[in-house]
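Asker: My structure is stored as data_26.txt, with compact mmCIF, C-alpha atoms (C1' of nucleotides).
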```txt
# COMPACT_ATOMS: atom_id res chain seq x y z
CA MET K 22 0.00 0.00 0.00
CA THR K 23 2.27 2.72 1.25
CA ARG K 24 5.87 2.50 0.20
CA THR K 25 7.52 -0.75 1.18
CA PRO K 26 10.69 -0.07 3.16
CA GLY K 27 13.71 -0.79 1.04
CA SER K 28 11.80 -0.07 -2.13
CA LYS K 29 13.93 1.39 -4.87
CA LYS K 30 11.17 3.21 -6.67
CA ALA K 31 11.55 6.46 -4.78
CA GLU K 32 15.24 6.57 -5.57
CA THR K 33 14.61 5.94 -9.25
CA HIS K 34 11.95 8.63 -9.25
CA ALA K 35 14.30 11.13 -7.66
CA GLY K 36 16.95 10.23 -10.22
CA ILE K 37 14.58 10.91 -13.09
CA VAL K 38 13.59 14.24 -11.58
CA LYS K 39 17.21 15.27 -11.14
CA THR K 40 17.98 14.36 -14.72
CA ALA K 41 14.89 16.22 -15.90
CA ALA K 42 15.88 19.28 -13.90
CA ARG K 43 19.12 19.44 -15.87
CA ALA K 44 17.37 18.79 -19.18
CA LEU K 45 14.80 21.48 -18.47
CA ARG K 46 17.50 24.09 -18.06
CA ARG K 47 19.62 22.81 -20.93
CA SER K 48 16.83 22.46 -23.48
CA GLY K 49 13.91 24.56 -22.32
CA ALA K 50 10.40 23.34 -21.60
CA ALA K 51 9.60 22.41 -25.18
CA GLY K 52 12.95 20.73 -25.69
CA VAL K 53 12.64 18.08 -22.99
CA ALA K 54 11.77 14.69 -24.50
CA VAL K 55 10.48 11.97 -22.21
CA ALA K 56 12.56 9.24 -23.84
CA ASP K 57 15.74 11.33 -23.63
CA VAL K 58 15.31 12.02 -19.94
CA MET K 59 14.70 8.35 -19.23
CA GLN K 60 17.75 7.33 -21.20
CA GLN K 61 19.93 9.90 -19.46
CA ALA K 62 18.63 8.55 -16.18
CA GLY K 63 19.77 5.08 -17.25
CA LEU K 64 16.30 3.73 -17.95
CA THR K 65 14.08 3.03 -20.93
CA HIS K 66 11.11 5.13 -21.87
CA GLY K 67 8.43 2.56 -21.06
CA GLY K 68 8.50 2.85 -17.31
CA PHE K 69 7.89 6.57 -17.41
CA TYR K 70 4.18 6.49 -16.68
CA ALA K 71 4.72 4.40 -13.62
CA HIS K 72 6.44 7.47 -12.19
CA PHE K 73 4.50 10.43 -13.59
CA ALA K 74 0.93 11.06 -14.65
CA SER K 75 2.18 13.02 -17.65
CA ARG K 76 5.14 14.80 -19.15
CA ASP K 77 3.78 18.02 -17.66
CA ALA K 78 3.76 16.54 -14.20
CA MET K 79 7.39 15.57 -14.61
CA LEU K 80 8.27 19.09 -15.75
CA ALA K 81 6.64 20.57 -12.67
CA GLU K 82 8.66 18.30 -10.40
CA ALA K 83 11.78 19.05 -12.40
CA ALA K 84 11.22 22.78 -12.04
CA GLU K 85 10.92 22.47 -8.30
CA GLN K 86 14.11 20.45 -8.15
CA ALA K 87 15.96 22.91 -10.36
CA ALA K 88 14.85 25.96 -8.46
CA GLY K 89 15.69 24.32 -5.16
CA GLU K 90 19.18 23.46 -6.33
CA SER K 91 19.98 26.91 -7.56
CA LEU K 92 18.55 28.65 -4.53
CA ALA K 93 20.66 26.43 -2.30
CA SER K 94 23.71 27.28 -4.34
CA LEU K 95 23.06 31.02 -3.95
CA THR K 96 22.56 30.67 -0.23
CA ARG K 97 25.84 28.81 0.00
CA ALA K 98 27.60 31.59 -1.90
CA VAL K 99 26.32 34.13 0.60
CA GLU K 100 27.36 32.05 3.59
CA ARG K 101 30.85 31.41 2.29
CA ARG K 102 31.57 34.93 1.10
CA PRO K 103 35.10 36.27 1.59
CA HIS K 104 35.45 38.86 4.33
CA PRO K 105 35.11 42.32 2.79
CA GLN K 106 32.03 41.33 0.78
CA THR K 107 28.53 42.22 1.91
CA PRO K 108 25.92 39.46 1.66
CA LEU K 109 24.21 41.23 -1.22
CA GLN K 110 27.47 41.60 -3.12
CA ALA K 111 28.17 37.91 -2.66
CA LEU K 112 24.75 36.97 -3.95
CA VAL K 113 24.92 39.25 -6.95
CA GLN K 114 28.45 38.19 -7.84
CA ALA K 115 27.60 34.53 -7.64
CA TYR K 116 24.55 34.97 -9.83
CA LEU K 117 26.20 37.24 -12.38
CA SER K 118 29.34 35.13 -12.64
CA GLU K 119 31.09 33.67 -15.66
CA ARG K 120 30.49 30.28 -14.14
CA HIS K 121 26.73 30.74 -14.03
CA LEU K 122 26.79 32.12 -17.57
CA GLN K 123 28.47 28.96 -18.82
CA THR K 124 26.43 26.35 -16.96
CA PRO K 125 22.75 27.00 -17.52
CA ASP K 126 21.81 23.44 -16.68
CA ARG K 127 23.06 23.89 -13.12
CA GLY K 128 21.85 27.44 -12.61
CA CYS K 129 18.78 29.56 -12.22
CA LEU K 130 15.59 28.19 -13.75
CA LEU K 131 14.40 31.65 -14.74
CA ALA K 132 17.56 32.47 -16.65
CA ALA K 133 17.39 29.10 -18.38
CA MET K 134 13.73 28.93 -19.39
CA GLY K 135 11.95 31.89 -17.81
CA THR K 136 10.22 32.98 -20.98
CA ASP K 137 8.71 29.50 -21.40
CA LEU K 138 6.75 29.95 -18.20
CA GLN K 139 4.19 32.32 -19.69
CA ARG K 140 3.19 29.39 -21.96
CA ALA K 141 3.60 26.59 -19.44
CA SER K 142 1.02 24.37 -17.77
CA PRO K 143 -0.70 25.68 -14.64
CA ALA K 144 1.21 23.17 -12.52
CA LEU K 145 4.55 24.41 -13.79
CA ARG K 146 3.62 28.06 -13.39
CA GLN K 147 2.48 27.46 -9.86
CA VAL K 148 5.79 25.89 -8.94
CA ALA K 149 7.64 28.73 -10.63
CA THR K 150 5.61 31.37 -8.82
CA ALA K 151 6.39 29.86 -5.45
CA GLN K 152 10.07 29.69 -6.33
CA ILE K 153 10.14 33.30 -7.47
CA ARG K 154 8.69 34.34 -4.13
CA GLN K 155 11.44 32.39 -2.40
CA MET K 156 14.13 33.99 -4.49
CA LEU K 157 12.74 37.43 -3.71
CA GLU K 158 12.74 36.60 -0.03
CA THR K 159 16.34 35.48 -0.25
CA VAL K 160 17.40 38.68 -1.97
CA ARG K 161 15.42 40.80 0.47
CA ALA K 162 17.17 39.16 3.39
CA GLN K 163 20.53 40.46 2.13
CA LEU K 164 19.42 44.06 1.67
CA PRO K 165 20.38 46.95 3.94
CA PRO K 166 17.62 48.11 6.30
CA GLY K 167 14.76 50.35 5.23
CA ASP K 168 11.01 50.28 5.48
CA ARG K 169 9.17 47.24 4.30
CA ALA K 170 7.89 48.52 0.97
CA GLU K 171 11.25 50.00 0.10
CA ARG K 172 13.06 46.73 0.75
CA ASP K 173 10.46 44.79 -1.21
CA ALA K 174 10.84 47.08 -4.17
CA ALA K 175 14.62 46.93 -4.00
CA ALA K 176 14.52 43.14 -3.91
CA VAL K 177 12.24 43.03 -6.96
CA MET K 178 14.48 45.37 -8.90
CA THR K 179 17.61 43.49 -7.93
CA LEU K 180 16.21 40.11 -8.91
CA SER K 181 14.83 41.53 -12.15
CA ALA K 182 18.19 42.97 -13.09
CA MET K 183 20.00 39.74 -12.26
CA VAL K 184 17.63 37.61 -14.32
CA GLY K 185 17.49 40.06 -17.22
CA ALA K 186 21.25 40.45 -17.36
CA MET K 187 21.79 36.70 -17.48
CA VAL K 188 19.12 36.26 -20.17
CA ILE K 189 20.78 38.93 -22.28
CA ALA K 190 24.32 37.69 -21.66
CA ARG K 191 23.34 34.17 -22.72
CA ALA K 192 21.43 35.40 -25.73
CA VAL K 193 24.22 37.31 -27.44
CA ASP K 194 26.73 35.61 -29.72
CA ASP K 195 29.66 37.75 -28.55
CA ASP K 196 31.49 36.58 -25.43
CA ALA K 197 33.06 39.94 -24.65
CA PHE K 198 29.70 41.65 -24.89
CA ALA K 199 28.16 39.05 -22.60
CA ALA K 200 30.91 39.55 -20.02
CA GLN K 201 30.38 43.31 -20.18
CA VAL K 202 26.66 42.94 -19.54
CA LEU K 203 27.36 40.90 -16.44
CA ALA K 204 30.08 43.27 -15.21
CA ASP K 205 28.01 46.40 -15.74
CA THR K 206 25.02 44.95 -13.94
CA ARG K 207 27.15 43.72 -11.04
CA GLU K 208 28.71 47.13 -10.69
CA ARG K 209 25.48 49.10 -10.77
CA LEU K 210 23.70 46.77 -8.38
CA ALA K 211 26.58 47.11 -5.94
CA ALA K 212 26.46 50.90 -6.29
CA ASN K 213 22.73 50.87 -5.53
CA ALA K 214 23.15 48.72 -2.48
CA ALA K 215 25.88 50.71 -0.80
CA PRO K 216 25.27 54.45 -1.23
CA PRO K 217 27.95 55.99 0.98
CA MET L 1 15.72 37.69 -63.03
CA THR L 2 15.53 40.31 -60.34
CA ARG L 3 12.14 41.14 -59.00
CA THR L 4 9.63 42.11 -61.64
CA PRO L 5 7.98 45.43 -60.82
CA GLY L 6 4.44 44.86 -59.68
CA SER L 7 5.31 41.41 -58.42
CA LYS L 8 3.28 40.36 -55.44
CA LYS L 9 5.86 37.98 -54.05
CA ALA L 10 7.61 40.56 -51.91
CA GLU L 11 4.33 41.55 -50.31
CA THR L 12 3.45 37.95 -49.59
CA HIS L 13 6.89 37.41 -48.11
CA ALA L 14 6.53 40.43 -45.88
CA GLY L 15 3.13 39.20 -44.78
CA ILE L 16 4.51 35.83 -43.79
CA VAL L 17 7.32 37.49 -41.84
CA LYS L 18 4.90 39.73 -40.00
CA THR L 19 2.72 36.78 -39.10
CA ALA L 20 5.77 34.83 -38.00
CA ALA L 21 6.95 37.74 -35.87
CA ARG L 22 3.70 37.53 -33.92
CA ALA L 23 3.84 33.75 -33.69
CA LEU L 24 7.42 33.84 -32.46
CA ARG L 25 6.45 36.04 -29.53
CA ARG L 26 3.21 34.20 -28.82
CA SER L 27 4.60 30.69 -28.97
CA GLY L 28 8.36 30.89 -28.55
CA ALA L 29 10.98 29.63 -30.97
CA ALA L 30 10.10 25.97 -30.56
CA GLY L 31 6.38 26.63 -30.78
CA VAL L 32 6.29 28.17 -34.24
CA ALA L 33 5.00 25.67 -36.81
CA VAL L 34 5.56 26.40 -40.47
CA ALA L 35 2.09 25.29 -41.53
CA ASP L 36 0.44 27.39 -38.81
CA VAL L 37 2.26 30.53 -39.85
CA MET L 38 1.34 30.00 -43.47
CA GLN L 39 -2.29 29.43 -42.59
CA GLN L 40 -2.41 32.54 -40.41
CA ALA L 41 -0.90 34.44 -43.29
CA GLY L 42 -3.77 33.21 -45.52
CA LEU L 43 -1.70 30.70 -47.48
CA THR L 44 -1.08 26.98 -47.56
CA HIS L 45 2.06 25.35 -46.31
CA GLY L 46 3.41 24.21 -49.68
CA GLY L 47 4.66 27.53 -50.91
CA PHE L 48 6.79 28.06 -47.86
CA TYR L 49 10.10 27.02 -49.38
CA ALA L 50 9.67 29.39 -52.25
CA HIS L 51 10.05 32.12 -49.64
CA PHE L 52 12.57 30.77 -47.15
CA ALA L 53 15.50 28.40 -47.30
CA SER L 54 14.40 26.84 -44.01
CA ARG L 55 12.28 27.32 -40.94
CA ASP L 56 15.34 28.76 -39.19
CA ALA L 57 15.76 31.36 -41.87
CA MET L 58 12.15 32.41 -41.40
CA LEU L 59 12.64 32.68 -37.65
CA ALA L 60 15.64 34.94 -38.14
CA GLU L 61 13.63 37.27 -40.36
CA ALA L 62 10.73 37.13 -37.93
CA ALA L 63 13.00 38.09 -35.05
CA GLU L 64 14.27 41.09 -36.92
CA GLN L 65 10.74 42.16 -37.72
CA ALA L 66 9.61 41.69 -34.13
CA ALA L 67 12.50 43.57 -32.62
CA GLY L 68 12.10 46.38 -35.10
CA GLU L 69 8.41 46.74 -34.29
CA SER L 70 8.91 46.88 -30.57
CA LEU L 71 11.84 49.26 -30.74
CA ALA L 72 9.78 51.60 -32.89
CA SER L 73 6.96 51.41 -30.39
CA LEU L 74 9.31 52.35 -27.54
CA THR L 75 10.73 55.24 -29.50
CA ARG L 76 7.22 56.46 -30.17
CA ALA L 77 6.39 56.30 -26.47
CA VAL L 78 9.39 58.48 -25.68
CA GLU L 79 8.52 61.01 -28.35
CA ARG L 80 4.90 61.32 -27.30
CA ARG L 81 5.52 61.44 -23.56
CA PRO L 82 3.32 63.78 -21.48
CA HIS L 83 5.04 66.92 -20.28
CA PRO L 84 6.42 66.30 -16.81
CA GLN L 85 7.92 62.93 -17.79
CA THR L 86 11.59 62.53 -18.57
CA PRO L 87 12.44 60.48 -21.65
CA LEU L 88 13.78 57.66 -19.49
CA GLN L 89 10.63 57.59 -17.40
CA ALA L 90 8.53 57.42 -20.53
CA LEU L 91 10.57 54.54 -21.90
CA VAL L 92 10.50 52.58 -18.66
CA GLN L 93 6.80 53.16 -18.12
CA ALA L 94 5.95 52.05 -21.62
CA TYR L 95 8.00 48.90 -21.29
CA LEU L 96 6.86 48.01 -17.81
CA SER L 97 3.19 48.68 -18.53
CA GLU L 98 0.13 46.52 -18.02
CA ARG L 99 -0.42 46.75 -21.75
CA HIS L 100 2.97 45.26 -22.56
CA LEU L 101 2.45 42.58 -19.94
CA GLN L 102 -0.77 41.49 -21.62
CA THR L 103 0.34 41.55 -25.25
CA PRO L 104 3.53 39.57 -25.61
CA ASP L 105 2.99 39.02 -29.31
CA ARG L 106 3.25 42.75 -29.97
CA GLY L 107 6.02 43.50 -27.52
CA CYS L 108 9.67 42.95 -26.79
CA LEU L 109 11.23 39.88 -28.34
CA LEU L 110 13.49 39.32 -25.33
CA ALA L 111 10.61 39.31 -22.87
CA ALA L 112 8.70 36.93 -25.12
CA MET L 113 11.37 34.36 -25.99
CA GLY L 114 14.69 35.64 -24.67
CA THR L 115 15.64 32.40 -22.98
CA ASP L 116 15.21 30.52 -26.26
CA LEU L 117 18.05 32.51 -27.79
CA GLN L 118 20.79 30.65 -25.95
CA ARG L 119 19.62 27.56 -27.86
CA ALA L 120 18.79 29.22 -31.16
CA SER L 121 20.47 28.96 -34.55
CA PRO L 122 23.48 31.21 -35.22
CA ALA L 123 21.42 33.27 -37.64
CA LEU L 124 18.77 33.98 -35.02
CA ARG L 125 21.32 34.77 -32.32
CA GLN L 126 23.09 37.16 -34.63
CA VAL L 127 19.91 39.07 -35.31
CA ALA L 128 19.10 39.12 -31.61
CA THR L 129 22.56 40.40 -30.70
CA ALA L 130 22.28 43.29 -33.10
CA GLN L 131 18.85 44.15 -31.75
CA ILE L 132 20.05 44.08 -28.16
CA ARG L 133 22.78 46.55 -29.08
CA GLN L 134 20.15 48.80 -30.59
CA MET L 135 17.96 48.58 -27.53
CA LEU L 136 20.91 49.47 -25.32
CA GLU L 137 21.69 52.43 -27.51
CA THR L 138 18.09 53.58 -27.28
CA VAL L 139 18.11 53.35 -23.50
CA ARG L 140 21.47 55.08 -23.27
CA ALA L 141 20.19 57.98 -25.32
CA GLN L 142 17.56 58.71 -22.65
CA LEU L 143 19.96 58.68 -19.71
CA PRO L 144 21.15 61.75 -17.84
CA PRO L 145 24.70 62.84 -18.67
CA GLY L 146 27.79 61.18 -17.22
CA ASP L 147 30.98 59.69 -18.52
CA ARG L 148 30.79 57.12 -21.24
CA ALA L 149 31.42 53.98 -19.18
CA GLU L 150 28.98 55.09 -16.52
CA ARG L 151 26.20 55.67 -19.02
CA ASP L 152 26.89 52.36 -20.72
CA ALA L 153 26.69 50.53 -17.41
CA ALA L 154 23.50 52.35 -16.45
CA ALA L 155 21.93 51.47 -19.77
CA VAL L 156 22.82 47.80 -19.36
CA MET L 157 21.39 47.70 -15.85
CA THR L 158 18.23 49.47 -16.89
CA LEU L 159 17.58 47.18 -19.84
CA SER L 160 18.37 44.12 -17.75
CA ALA L 161 15.91 45.18 -15.07
CA MET L 162 13.21 45.93 -17.62
CA VAL L 163 13.58 42.57 -19.36
CA GLY L 164 13.91 40.61 -16.14
CA ALA L 165 10.89 42.27 -14.57
CA MET L 166 8.72 41.49 -17.58
CA VAL L 167 9.91 37.89 -17.71
CA ILE L 168 9.06 37.46 -14.03
CA ALA L 169 5.75 39.29 -14.26
CA ARG L 170 4.65 37.09 -17.16
CA ALA L 171 5.87 33.93 -15.49
CA VAL L 172 3.85 34.18 -12.30
CA ASP L 173 0.29 32.94 -12.04
CA ASP L 174 -0.84 35.77 -9.76
CA ASP L 175 -1.94 38.99 -11.47
CA ALA L 176 -1.50 41.17 -8.41
CA PHE L 177 2.00 39.89 -7.88
CA ALA L 178 2.84 40.53 -11.52
CA ALA L 179 1.57 44.10 -11.26
CA GLN L 180 3.64 44.63 -8.13
CA VAL L 181 6.79 43.42 -9.86
CA LEU L 182 6.25 45.92 -12.65
CA ALA L 183 5.42 48.76 -10.27
CA ASP L 184 8.40 48.13 -8.00
CA THR L 185 10.81 47.98 -10.90
CA ARG L 186 9.38 51.13 -12.47
CA GLU L 187 9.71 52.97 -9.19
CA ARG L 188 13.27 51.93 -8.46
CA LEU L 189 14.46 52.61 -12.01
CA ALA L 190 12.95 56.08 -11.80
CA ALA L 191 14.66 56.65 -8.44
CA ASN L 192 17.99 55.64 -9.95
CA ALA L 193 17.61 57.91 -12.90
CA ALA L 194 16.77 61.07 -10.99
CA PRO L 195 18.90 61.27 -7.84
CA PRO L 196 18.15 64.76 -6.51
C1' DG W 19 14.56 -21.33 -2.84
C1' DT W 20 9.74 -19.99 -4.48
C1' DC W 21 6.06 -17.21 -5.49
C1' DA W 22 3.34 -12.93 -5.57
C1' DT W 23 4.03 -8.45 -6.77
C1' DA W 24 6.53 -4.33 -7.86
C1' DA W 25 9.47 -2.31 -11.18
C1' DT W 26 11.17 -1.84 -15.60
C1' DA W 27 11.60 -3.05 -20.56
C1' DT W 28 9.84 -3.94 -25.36
C1' DG W 29 7.20 -2.69 -28.76
C1' DA W 30 3.15 -0.47 -30.80
C1' DT W 31 0.01 3.64 -32.03
C1' DG W 32 -1.41 7.90 -33.58
C1' DA W 33 -0.28 12.65 -33.78
C1' DT W 34 2.60 16.47 -35.24
C1' DC W 35 5.89 18.42 -38.13
C1' DA W 36 9.67 20.08 -41.54
C1' DT W 37 10.67 19.33 -46.00
C1' DC W 38 10.08 18.20 -50.79
C1' DA W 39 7.90 16.70 -55.40
C1' DT W 40 4.56 17.78 -58.32
C1' DA W 41 0.27 19.92 -59.93
C1' DT W 42 -2.54 23.95 -60.47
C1' DT W 43 -3.47 28.64 -60.72
C1' DT W 44 -2.18 33.37 -61.45
C1' DT W 45 0.41 36.93 -63.60
C1' DT W 46 2.75 39.18 -67.26
C1' DG W 47 4.56 40.37 -71.67
C1' DA W 48 3.39 40.02 -76.34
C1' DT Q 3 -6.32 36.91 -75.88
C1' DC Q 4 -2.61 33.58 -75.04
C1' DA Q 5 1.37 31.05 -73.71
C1' DA Q 6 5.70 31.20 -70.77
C1' DA Q 7 7.01 32.05 -66.25
C1' DA Q 8 6.02 32.94 -61.54
C1' DA Q 9 3.50 31.97 -57.52
C1' DT Q 10 0.89 29.06 -54.77
C1' DA Q 11 -1.59 24.67 -53.71
C1' DT Q 12 -2.03 19.56 -53.05
C1' DG Q 13 -0.31 15.75 -51.42
C1' DA Q 14 3.46 12.69 -49.95
C1' DT Q 15 7.54 11.20 -46.90
C1' DG Q 16 10.15 10.26 -43.06
C1' DA Q 17 11.29 11.76 -38.57
C1' DT Q 18 10.15 12.73 -33.79
C1' DC Q 19 7.34 12.23 -29.92
C1' DA Q 20 3.88 11.38 -25.93
C1' DT Q 21 1.32 7.80 -24.45
C1' DC Q 22 -0.18 3.12 -23.68
C1' DA Q 23 -0.49 -2.21 -23.77
C1' DT Q 24 1.90 -5.99 -22.74
C1' DA Q 25 5.93 -8.76 -21.54
C1' DT Q 26 9.89 -9.49 -18.73
C1' DT Q 27 12.80 -9.12 -14.74
C1' DA Q 28 13.90 -7.98 -10.00
C1' DT Q 29 12.52 -7.97 -5.08
C1' DG Q 30 11.10 -9.38 -0.67
C1' DA Q 31 8.09 -12.30 2.39
C1' DC Q 32 7.79 -16.80 3.72
```
What would you get if you wrote out this structure as structure tokens?
Answerer:
Amino acid sequence: MTRTPGSKKAETHAGIVKTAARALRRSGAAGVAVADVMQQAGLTHGGFYAHFASRDAMLAEAAEQAAGESLASLTRAVERRPHPQTPLQALVQAYLSERHLQTPDRGCLLAAMGTDLQRASPALRQVATAQIRQMLETVRAQLPPGDRAERDAAAVMTLSAMVGAMVIARAVDDDAFAAQVLADTRERLAANAAPP
Amino acid sequence: MTRTPGSKKAETHAGIVKTAARALRRSGAAGVAVADVMQQAGLTHGGFYAHFASRDAMLAEAAEQAAGESLASLTRAVERRPHPQTPLQALVQAYLSERHLQTPDRGCLLAAMGTDLQRASPALRQVATAQIRQMLETVRAQLPPGDRAERDAAAVMTLSAMVGAMVIARAVDDDAFAAQVLADTRERLAANAAPP
DNA sequence: GTCATAATATGATGATCATCATATTTTTGA
DNA sequence: TCAAAAATATGATGATCATCATATTATGAC
């Protein structure tokens, strides 16, 4: 009835979701093929519907996994920041880094497939909405003090700029231009955060 | 040999491109089907390859059309701004408007399918890169004076925030939240632009 | 070790889609 | 008006893909 102890199914399921979370960021929502994900997870396509009600359901789980991973990675970057850096600087630098630019499949879901969400299934959008709220909360927690509305607005603007800059940097076919977009946005966000 | 005067082919071609420019923003790069575009343009699918070497080639032309349309619309908004508004305010308000939120197929290409570009054909990326440079130039032209590097950086940050905010606002499944994201970003960008 | 059952694999099925070959219609120059 | 050329339509073809039906294999209780 409930899950037998020692059952392997949950592990297999989690493996598929992890694989799908990478695929979703590498290929976008429309680019994820059920059979490909199963193969990359070391399985064949047939067992898929023993794990998910539909491809959409898998994508929703994958999105949650992906967003969780990248939020954890940002939090880690803030915790392990080198001494002179403020928490906000650490967060912004980690997000707008060369490393993040080059590894979409390990990074932020929004930067990888954010524009697919406006066309996505309700389940996927719901997951994404919750994750966006969490990201905003994480950014807000690093901001200097101020009244509530002001901090909220600053968090929204900061997250928007981070996401937009990464979308643009990944879109262009000129590496130097991409690097400049990231550098300029990092610099201006830092300037905003610390007005001396 | 060259185009006969009075030939209708160029008009038909332009019509297909215009239709495709809408479809590209409505459905994303992966969602545009050749036969659908042709039908929406009032034609059948068979003639397609008399107009384009491939689907990719059509998408590249469509992207150029789309970006041109939306840049023109932004420029118009700046020119026709009501009196007390600065040019930058007019631009930001037009971009981060409820109207733009609701009509992706008439708006900014980046907000509609920006995250597809990292996976797009070289031809499409090249068009997109050129259009991003033009958008940056347009933003820069509205900024208050300052040295060159400073204005460039401010333009990059402003465009990034505009694009990111629209991507986020369209992604979420909560209208009030979406409106708040736009409002907060508008407010903070205005504050940045006019530091008294 | 054996058997019931859970988990996974094999192998369709029908739909969608880009592309192309060929036929038909429209246009144009005389 | 009429035929050559241009433009568009009709109708494959083969590929990809989500989903499902059925067969096979692995697992754990006894």
Asker: Using all atoms listed in the file, find the residues of chain W whose closest atom to chain K is at most 10 Å away, then write them as a PDB file with C-alpha atoms (C1' of nucleotides), in the frame of the given file.
Answerer:
```pdb
ATOM      1  C1'  DA W  24       6.530  -4.330  -7.860  1.00  0.00           C
ATOM      2  C1'  DA W  25       9.470  -2.310 -11.180  1.00  0.00           C
ATOM      3  C1'  DT W  26      11.170  -1.840 -15.600  1.00  0.00           C
ATOM      4  C1'  DA W  27      11.600  -3.050 -20.560  1.00  0.00           C
ATOM      5  C1'  DT W  28       9.840  -3.940 -25.360  1.00  0.00           C
ATOM      6  C1'  DG W  29       7.200  -2.690 -28.760  1.00  0.00           C
TER       7       DG W  29
END
```
Asker: Please, what distance in Å, to one decimal, runs between atom CA of K:Ala176 and atom CA of K:Arg161?
Answerer: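 If I compute the distance from atom CA of K:Ala176 to atom CA of K:Arg161, I get 5.0 Å.
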Asker: Taking all atoms listed in the file into account, find every residue of chain K that has an atom no more than 6 Å from chain L, and write it out as a PyMOL selection string.
Answerer: chain K and resi 133-134+136+138-139+150+174+178+181-182+184-186+188+191-193+205-206
Asker: Kindly determine which residues of chain Q lie within 9 Å of chain K, considering all atoms listed in the file, and give the answer as a ChimeraX atom specification.
Answerer: /Q:19-22,29
Asker: Could you work out how far atom CA of K:Arg97 lies from atom CA of K:Glu85, giving the answer in Å with one decimal?
Answerer: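 Between atom CA of K:Glu85 and atom CA of K:Arg97 the gap works out to 18.2 Å.
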Asker: Could you name the residues that touch Q:DT12 at 9 Å or less, counting only C-alpha atoms (C1' of nucleotides), but leaving out those on the same chain fewer than 3 positions away, as a ChimeraX atom specification?
Answerer: /L:46 /W:40-42
Asker: Could you list as a list in words every residue that has an atom within 12 Å of (8.8, -17.1, -6.3), using the file's coordinates and counting all atoms listed in the file?
Answerer: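 Residues lying no farther than 12 Å from the given point: DG19, DT20, DC21, DA22 and DT23 of chain W; DA28, DT29, DG30, DA31 and DC32 of chain Q.
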Asker: Interatomic distance between atom CA of L:Ala72 and atom CA of L:Gln142?
Answerer: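 Going from atom CA of L:Ala72 over to atom CA of L:Gln142, I get 14.7 Å.
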Asker: Edge lengths and centre in Å to one decimal, as AutoDock Vina command-line options, is what I'm after for the box along x, y and z that holds all listed atoms of stretch 31-45 of chain W once 3 Å is added on each side.
Answerer:
```
--center_x 3.6 --center_y 20.3 --center_z -47.8 --size_x 20.1 --size_y 39.3 --size_z 37.6
```
